[in-house]
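Enquirer: Take this structure, written in structure tokens, and hold onto it; I'll ask about it next.
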Amino acid sequence: MKIGCVGKPSSGKTTFLNAATLVNAETASYTFTTIKPNQGTAFVRTKCPCQEFDVECNPRNSKCINGTRMVPVTLIDVAGLVPGAHEGKGMGNQFLSDLTDADALIHVVDASGRTDEKGEPTENHNPVKDIDFLEEEIDYWILDIIKKDWDKLERMARTGDVDIGKYVYERVSGLKVSEEIVKKIVKRLEITPSSEEEELFKLSKKIREENKPIMVAANKMDLPESENNFDRMKEKAGHILPCCAEAELALREAEEQGLIDYFPGESSFKIVEDVSGKKKKGLEFIRGYLDESASTGVQEVIDRTVFDLLDMIVVYPVEKEKKLSDRKGNVLPDALLIKKGSTALDLAEKIHSDIAEEFKGAIDCRTGRRVGKKHKLKNNDIIKILV
Ligand SMILES: Nc1nc2c(ncn2[C@@H]2O[C@H](COP(=O)(O)OP(=O)(O)OP(=O)(O)O)[C@@H](O)[C@H]2O)c(=O)[nH]1
Ligand SMILES: [Mg+2]
């Protein structure tokens, strides 16, 4: 699972990534601080079944902290995008290729309106505009991918039949979109080799909506202008959540230094070491923010992107149905993210193609019942695959 952080310069993409992953990449108030992409591991939160079964788990691919299972997802942040990037403005959009295999995008928006469309300091910028332009720049990026060799397709069409759906799919297959979906969109939009750019742009937009769903993270909510702007943005964005990346980063750093007790996503923290001066003031400011907002929002953005936007569930494959363990006795070793609606056979495929080939059935370890390959999995299921 890979999620890309996108947005204009200085919106707080790297701060968000650092807060969610603690990788310590460079951030600054000037634009284009990030040129090469930064990458780190964030975690989505889910309830671990260990407490329900009163067992001690031995997670291998994830972590369990006091009954909360933390499942890793890769987060990547790229250089800032500006309007006209597809024509080479700013840093252009070449670096978007780093996002080719991303499953979803988090659009980090500066909700305060204190930076203009290029990320330079200003006042009263309308962040709603940022939502529109970013989608458009990504659409243009996909359009360029589709248009590559389009003249070849036109030539081929002159001398014989071409499978246009297949042709488009081959261009965009790297984007992790399914062939079936691409062909459906191509058909619905009645795309032909002589389609105009405008029609191909619509095609790109549809592919983006299918394949790079966007969660808007309205960042810098600690600044006073942000609240009004958030209400305006809510009307525009399908999925949007408020956050304060800087506060989350400060809390996770203070926690790492042993100054506070804090668990990502929680609404409070406890100071456990003597802190004074600027640090104390900073923490007190964050406490005030948390009192009003319930959480910094960063963890919520990651969780909701995976569970709501991408519609994923968590499933625990095991080999011993009574002990809920693998062959070596590790209890609930793996927590796997899998699309809602997946079947027992899909899970087998995710574990290993060999297991899928030898699939004979599965056991739902909660009920002890044997289920078939078409059995739909539920969130938090513990499943033994029979081979
Ligand atoms: N007030 C406030 N400032 C923030 C917040 N998040 C980030 N910032 C500040 O915004 C500025 C830009 O942050 P970066 O994380 O470097 O932004 P970026 O989007 O990665 O910028 P580029 O790499 O230049 O595209 C820095 O000065 C951050 O401290 C926040 O939640 N609140
Ligand atoms: Mg950056």
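In the structure tokens, chains take the letters A, B, ... in the order shown, each chain's residues start at 1, and ligands count up from 1 in the order shown.
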Could you give me the residues within stretch 75-271 of chain A that DSSP places in strand (DSSP E or B), as a list in words?
Expert: Leu75, Ile76, Asp77, Ala104, Leu105, Ile106, His107, Val108, Val109, Asp110, Thr115, Pro121, Ile214, Met215, Val216, Ala217, Ala218, Asn219, Ile240, Leu241, Pro242, Ile260, Asp261, Lys270 and Ile271 of chain A
Enquirer: Under the rule of at most 9 Å, produce a per-residue listing of chain A near ligand 1: chain, number, name, the closest pair of atoms, and the distance in Å, as CSV, using only C-alpha atoms and all ligand atoms.
Expert:
residue,atom,partner,partner_atom_place_in_ligand_line,distance
A:Cys5,CA,ligand 1,19 (O),8.7
A:Val6,CA,ligand 1,19 (O),7.8
A:Gly7,CA,ligand 1,19 (O),6.5
A:Lys8,CA,ligand 1,25 (O),6.0
A:Pro9,CA,ligand 1,25 (O),3.3
A:Ser10,CA,ligand 1,21 (O),3.4
A:Ser11,CA,ligand 1,19 (O),4.0
A:Gly12,CA,ligand 1,17 (O),3.4
A:Lys13,CA,ligand 1,19 (O),3.8
A:Thr14,CA,ligand 1,20 (O),3.8
A:Thr15,CA,ligand 1,15 (O),3.7
A:Phe16,CA,ligand 1,15 (O),6.5
A:Leu17,CA,ligand 1,15 (O),7.9
A:Asn18,CA,ligand 1,15 (O),8.2
A:Ala25,CA,ligand 1,15 (O),8.7
A:Glu26,CA,ligand 1,16 (O),6.7
A:Thr27,CA,ligand 1,16 (O),3.3
A:Ala28,CA,ligand 1,16 (O),4.2
A:Ser29,CA,ligand 1,27 (O),3.5
A:Tyr30,CA,ligand 1,24 (O),6.0
A:Thr31,CA,ligand 1,24 (O),3.7
A:Phe32,CA,ligand 1,24 (O),3.3
A:Thr33,CA,ligand 1,24 (O),3.8
A:Thr34,CA,ligand 1,23 (O),3.6
A:Ile35,CA,ligand 1,23 (O),6.8
A:Asp77,CA,ligand 1,20 (O),7.4
A:Val78,CA,ligand 1,23 (O),7.3
A:Ala79,CA,ligand 1,25 (O),5.0
A:Gly80,CA,ligand 1,25 (O),3.7
A:Leu81,CA,ligand 1,25 (O),7.4
A:Val108,CA,ligand 1,19 (O),7.3
A:Val109,CA,ligand 1,19 (O),8.4
A:Asp110,CA,ligand 1,5 (C),7.9
A:Ser112,CA,ligand 1,1 (N),8.2
A:Gly119,CA,ligand 1,24 (O),7.6
A:Ala218,CA,ligand 1,31 (O),9.0
A:Asn219,CA,ligand 1,31 (O),5.3
A:Lys220,CA,ligand 1,31 (O),3.5
A:Met221,CA,ligand 1,31 (O),6.2
A:Asp222,CA,ligand 1,32 (N),5.8
A:Leu223,CA,ligand 1,1 (N),5.8
A:Cys243,CA,ligand 1,31 (O),6.7
A:Cys244,CA,ligand 1,31 (O),3.5
A:Ala245,CA,ligand 1,31 (O),4.0
A:Glu246,CA,ligand 1,31 (O),4.1
A:Ala247,CA,ligand 1,31 (O),6.2
A:Glu248,CA,ligand 1,31 (O),8.0
A:Leu249,CA,ligand 1,6 (N),8.7
A:Thr296,CA,ligand 1,31 (O),8.6
Enquirer: Hey, can you spit out that residue selection with N, CA and C atoms as a short mmCIF file (atom, residue, chain, number, x, y, z; two decimals), in the first residue's frame?
Expert:
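Full text of selection-v9.cif as output:
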data_model
loop_
_atom_site.label_atom_id
_atom_site.label_comp_id
_atom_site.auth_asym_id
_atom_site.auth_seq_id
_atom_site.Cartn_x
_atom_site.Cartn_y
_atom_site.Cartn_z
N CYS A 5 1.75 12.03 -0.96
CA CYS A 5 1.34 13.36 -0.48
C CYS A 5 1.62 14.35 -1.60
N VAL A 6 0.60 15.08 -2.03
CA VAL A 6 0.77 16.05 -3.10
C VAL A 6 0.24 17.40 -2.65
N GLY A 7 0.56 18.43 -3.44
CA GLY A 7 0.06 19.77 -3.11
C GLY A 7 1.03 20.82 -3.61
N LYS A 8 0.63 22.08 -3.47
CA LYS A 8 1.51 23.15 -3.93
C LYS A 8 2.70 23.29 -2.96
N PRO A 9 3.72 24.05 -3.35
CA PRO A 9 4.85 24.23 -2.43
C PRO A 9 4.40 24.85 -1.10
N SER A 10 5.08 24.48 -0.04
CA SER A 10 4.88 25.05 1.30
C SER A 10 3.51 24.78 1.93
N SER A 11 2.78 23.79 1.42
CA SER A 11 1.48 23.50 2.03
C SER A 11 1.67 22.64 3.29
N GLY A 12 2.86 22.02 3.40
CA GLY A 12 3.15 21.21 4.59
C GLY A 12 3.23 19.72 4.30
N LYS A 13 3.49 19.36 3.05
CA LYS A 13 3.56 17.93 2.67
C LYS A 13 4.63 17.19 3.45
N THR A 14 5.82 17.78 3.50
CA THR A 14 6.93 17.08 4.18
C THR A 14 6.70 17.05 5.69
N THR A 15 6.16 18.15 6.22
CA THR A 15 5.84 18.16 7.66
C THR A 15 4.85 17.04 7.96
N PHE A 16 3.86 16.89 7.08
CA PHE A 16 2.85 15.83 7.25
C PHE A 16 3.52 14.45 7.22
N LEU A 17 4.39 14.26 6.22
CA LEU A 17 5.09 12.97 6.10
C LEU A 17 5.94 12.70 7.34
N ASN A 18 6.70 13.73 7.77
CA ASN A 18 7.54 13.56 8.95
C ASN A 18 6.69 13.23 10.19
N ALA A 25 12.68 14.41 7.26
CA ALA A 25 13.06 15.04 5.99
C ALA A 25 13.00 16.56 6.15
N GLU A 26 13.72 17.26 5.28
CA GLU A 26 13.85 18.71 5.43
C GLU A 26 12.55 19.46 5.13
N THR A 27 12.19 20.39 6.02
CA THR A 27 11.02 21.25 5.78
C THR A 27 11.47 22.69 5.96
N ALA A 28 10.80 23.63 5.29
CA ALA A 28 11.15 25.04 5.47
C ALA A 28 10.03 25.91 4.92
N SER A 29 10.06 27.20 5.31
CA SER A 29 8.99 28.09 4.88
C SER A 29 9.18 28.54 3.43
N TYR A 30 10.38 28.31 2.84
CA TYR A 30 10.54 28.68 1.42
C TYR A 30 10.03 27.55 0.53
N THR A 31 9.73 27.91 -0.73
CA THR A 31 9.10 26.93 -1.63
C THR A 31 10.13 25.97 -2.24
N PHE A 32 9.65 24.85 -2.71
CA PHE A 32 10.48 23.80 -3.32
C PHE A 32 11.61 23.33 -2.41
N THR A 33 11.30 23.18 -1.15
CA THR A 33 12.27 22.60 -0.21
C THR A 33 12.53 21.15 -0.63
N THR A 34 11.44 20.48 -1.01
CA THR A 34 11.59 19.08 -1.43
C THR A 34 11.76 19.03 -2.94
N ILE A 35 12.80 18.35 -3.38
CA ILE A 35 12.98 18.13 -4.82
C ILE A 35 12.93 16.63 -5.08
N ASP A 77 6.34 11.74 -0.30
CA ASP A 77 5.97 13.12 -0.63
C ASP A 77 6.89 13.64 -1.72
N VAL A 78 6.32 14.41 -2.60
CA VAL A 78 7.07 14.84 -3.79
C VAL A 78 7.18 16.36 -3.83
N ALA A 79 7.89 16.88 -4.84
CA ALA A 79 8.05 18.32 -4.97
C ALA A 79 6.69 18.98 -5.16
N GLY A 80 6.59 20.25 -4.79
CA GLY A 80 5.32 20.97 -4.90
C GLY A 80 4.89 21.14 -6.35
N LEU A 81 3.59 21.12 -6.55
CA LEU A 81 3.00 21.31 -7.89
C LEU A 81 2.41 22.71 -7.95
N VAL A 108 -2.32 17.71 0.52
CA VAL A 108 -2.10 18.57 1.67
C VAL A 108 -2.31 20.02 1.23
N VAL A 109 -3.34 20.66 1.78
CA VAL A 109 -3.69 22.02 1.40
C VAL A 109 -3.39 22.95 2.58
N ASP A 110 -2.82 24.12 2.28
CA ASP A 110 -2.64 25.12 3.32
C ASP A 110 -3.98 25.82 3.51
N SER A 112 -4.94 27.88 5.66
CA SER A 112 -4.93 29.22 6.25
C SER A 112 -5.07 30.31 5.20
N GLY A 119 2.82 28.99 -3.46
CA GLY A 119 3.38 28.67 -2.14
C GLY A 119 4.10 29.84 -1.51
N ALA A 218 -6.78 19.24 5.07
CA ALA A 218 -6.78 20.70 5.26
C ALA A 218 -5.81 21.00 6.39
N ASN A 219 -4.60 21.41 6.01
CA ASN A 219 -3.52 21.55 7.00
C ASN A 219 -3.43 22.98 7.55
N LYS A 220 -2.65 23.14 8.59
CA LYS A 220 -2.42 24.43 9.28
C LYS A 220 -3.71 24.92 9.93
N MET A 221 -4.49 23.96 10.46
CA MET A 221 -5.75 24.33 11.11
C MET A 221 -5.53 25.09 12.41
N ASP A 222 -4.27 25.19 12.86
CA ASP A 222 -3.99 25.97 14.07
C ASP A 222 -4.06 27.47 13.79
N LEU A 223 -4.02 27.86 12.52
CA LEU A 223 -4.04 29.29 12.20
C LEU A 223 -5.49 29.78 12.12
N CYS A 243 -6.41 19.05 9.71
CA CYS A 243 -5.25 18.58 10.48
C CYS A 243 -4.26 19.69 10.78
N CYS A 244 -3.36 19.39 11.70
CA CYS A 244 -2.27 20.31 12.01
C CYS A 244 -1.01 19.45 12.08
N ALA A 245 -0.34 19.38 10.94
CA ALA A 245 0.83 18.49 10.82
C ALA A 245 1.93 18.91 11.80
N GLU A 246 2.07 20.25 11.97
CA GLU A 246 3.15 20.73 12.82
C GLU A 246 2.96 20.28 14.28
N ALA A 247 1.71 20.29 14.73
CA ALA A 247 1.44 19.86 16.11
C ALA A 247 1.71 18.37 16.26
N GLU A 248 1.30 17.59 15.29
CA GLU A 248 1.52 16.14 15.37
C GLU A 248 3.02 15.84 15.41
N LEU A 249 3.77 16.57 14.57
CA LEU A 249 5.22 16.35 14.52
C LEU A 249 5.84 16.69 15.88
N THR A 296 -4.90 15.96 16.37
CA THR A 296 -4.20 16.79 15.37
C THR A 296 -4.68 16.45 13.97
#
Enquirer: What's around stretch 182-198 of chain A at 12 Å? Count only C-alpha atoms, leave out sequence neighbours fewer than 3 positions away in its own chain, and write the answer as number ranges by chain.
Expert: A: 139-140, 143-144, 146-147, 149-158, 160-173, 175-179, 201-211
Enquirer: Would you give me, as a PyMOL selection string, the residues in stretch 143-287 of chain A that DSSP reads as helix (DSSP H, G or I)?
Expert: chain A and resi 143-147+150-159+164-175+179-188+197-211+226-236+245-256+277-287
Enquirer: Mind dumping a table of every stretch 81-146 of chain A residue within 12 Å of stretch 309-312 of chain A, with the nearest atom pair and its distance in Å to one decimal, using only C-alpha atoms, sorted by chain and rising number, as JSON lines?
Expert:
{"residue": "A:Ala102", "atom": "CA", "partner": "A:Leu310", "partner_atom": "CA", "distance": 11.5}
{"residue": "A:Asp103", "atom": "CA", "partner": "A:Leu310", "partner_atom": "CA", "distance": 7.9}
{"residue": "A:Ala104", "atom": "CA", "partner": "A:Leu310", "partner_atom": "CA", "distance": 7.3}
{"residue": "A:Leu105", "atom": "CA", "partner": "A:Leu309", "partner_atom": "CA", "distance": 9.8}
{"residue": "A:Ile106", "atom": "CA", "partner": "A:Leu309", "partner_atom": "CA", "distance": 10.4}
Enquirer: List as JSON, numbers by chain the protein and nucleic acid residues near A:Phe43, meaning an atom at most 10 Å away when only C-alpha atoms are counted, but skip any in the same chain fewer than 5 places from it.
Expert: {"A": [20, 21, 62, 63, 69, 70, 71, 72, 73, 74, 75, 264, 299, 302, 303]}
Enquirer: Take atom CA of A:Phe269 and atom CA of A:Asp231 and report the distance between them in Å, one decimal.
Expert: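 Computed distance, atom CA of A:Phe269 to atom CA of A:Asp231, equals 27.9 Å.
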Enquirer: Under the rule that only C-alpha atoms are counted, which of A:Glu52, A:Gln94, A:Arg60, A:Ile286 is the nearest residue to A:Pro333?
Expert: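 Looking at the shortest contact to A:Pro333, the residue is A:Arg60.
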Enquirer: Using only C-alpha atoms, which protein or nucleic acid residues come within 9 Å of A:Ala294? Drop anything in the same chain fewer than 2 positions from it, and give the result as a list of chain:residue names.
Expert: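 Non-adjacent residues within range: A:Gly265, A:Glu266, A:Ser267, A:Ser268, A:Tyr289, A:Leu290, A:Asp291, A:Glu292, A:Thr296, A:Gly297.
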Enquirer: Generate a file of the selected residues that holds N, CA, C and O atoms, formatted as a PDB file, in the first residue's frame.
Expert:
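The resulting file, out.pdb, is shown below:
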ATOM      1  N   GLY A 265      -2.945  10.089  17.284  1.00  0.00           N
ATOM      2  CA  GLY A 265      -4.386  10.106  17.074  1.00  0.00           C
ATOM      3  C   GLY A 265      -5.169  10.418  18.342  1.00  0.00           C
ATOM      4  O   GLY A 265      -6.362  10.689  18.287  1.00  0.00           O
ATOM      5  N   GLU A 266      -4.501  10.383  19.500  1.00  0.00           N
ATOM      6  CA  GLU A 266      -5.234  10.623  20.743  1.00  0.00           C
ATOM      7  C   GLU A 266      -5.513  12.107  20.938  1.00  0.00           C
ATOM      8  O   GLU A 266      -4.871  12.968  20.343  1.00  0.00           O
ATOM      9  N   SER A 267      -6.482  12.369  21.836  1.00  0.00           N
ATOM     10  CA  SER A 267      -6.894  13.761  22.009  1.00  0.00           C
ATOM     11  C   SER A 267      -6.142  14.456  23.141  1.00  0.00           C
ATOM     12  O   SER A 267      -6.380  15.618  23.424  1.00  0.00           O
ATOM     13  N   SER A 268      -5.246  13.726  23.809  1.00  0.00           N
ATOM     14  CA  SER A 268      -4.493  14.381  24.874  1.00  0.00           C
ATOM     15  C   SER A 268      -3.113  13.744  25.026  1.00  0.00           C
ATOM     16  O   SER A 268      -2.842  12.688  24.444  1.00  0.00           O
ATOM     17  N   TYR A 289      -4.989  23.525  21.317  1.00  0.00           N
ATOM     18  CA  TYR A 289      -5.525  23.107  20.015  1.00  0.00           C
ATOM     19  C   TYR A 289      -6.289  21.786  20.145  1.00  0.00           C
ATOM     20  O   TYR A 289      -7.396  21.634  19.618  1.00  0.00           O
ATOM     21  N   LEU A 290      -5.704  20.852  20.875  1.00  0.00           N
ATOM     22  CA  LEU A 290      -6.345  19.536  21.047  1.00  0.00           C
ATOM     23  C   LEU A 290      -7.671  19.651  21.806  1.00  0.00           C
ATOM     24  O   LEU A 290      -8.622  18.926  21.525  1.00  0.00           O
ATOM     25  N   ASP A 291      -7.720  20.590  22.756  1.00  0.00           N
ATOM     26  CA  ASP A 291      -8.963  20.781  23.513  1.00  0.00           C
ATOM     27  C   ASP A 291     -10.116  21.135  22.582  1.00  0.00           C
ATOM     28  O   ASP A 291     -11.262  20.777  22.804  1.00  0.00           O
ATOM     29  N   GLU A 292      -9.782  21.864  21.520  1.00  0.00           N
ATOM     30  CA  GLU A 292     -10.827  22.304  20.593  1.00  0.00           C
ATOM     31  C   GLU A 292     -11.095  21.295  19.485  1.00  0.00           C
ATOM     32  O   GLU A 292     -12.187  21.202  18.964  1.00  0.00           O
ATOM     33  N   THR A 296      -4.897  15.958  16.374  1.00  0.00           N
ATOM     34  CA  THR A 296      -4.202  16.786  15.374  1.00  0.00           C
ATOM     35  C   THR A 296      -4.678  16.445  13.973  1.00  0.00           C
ATOM     36  O   THR A 296      -4.421  17.170  13.027  1.00  0.00           O
ATOM     37  N   GLY A 297      -5.337  15.306  13.820  1.00  0.00           N
ATOM     38  CA  GLY A 297      -5.932  14.941  12.532  1.00  0.00           C
ATOM     39  C   GLY A 297      -5.032  14.137  11.609  1.00  0.00           C
ATOM     40  O   GLY A 297      -5.520  13.510  10.677  1.00  0.00           O
TER      41      GLY A 297
END
Enquirer: Which neighbours of stretch 381-387 of chain A fall inside 6 Å, counting only C-alpha atoms, when residues of the same chain fewer than 5 positions from it are skipped, and could you give them as JSON, numbers by chain?
Expert: {"A": [315, 316, 317, 318, 319, 358, 359, 360, 361, 362, 363, 364, 365]}
Enquirer: Interatomic distance between atom CA of A:Leu324 and atom CA of A:Asn380?
Expert: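 Atom-to-atom, atom CA of A:Leu324 to atom CA of A:Asn380, that is 12.9 Å.
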Enquirer: What is the atom CA of A:Ser226 to atom CA of A:Ala111 distance in Å?
Expert: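 Spanning atom CA of A:Ser226 to atom CA of A:Ala111 is a straight-line distance of 5.0 Å.
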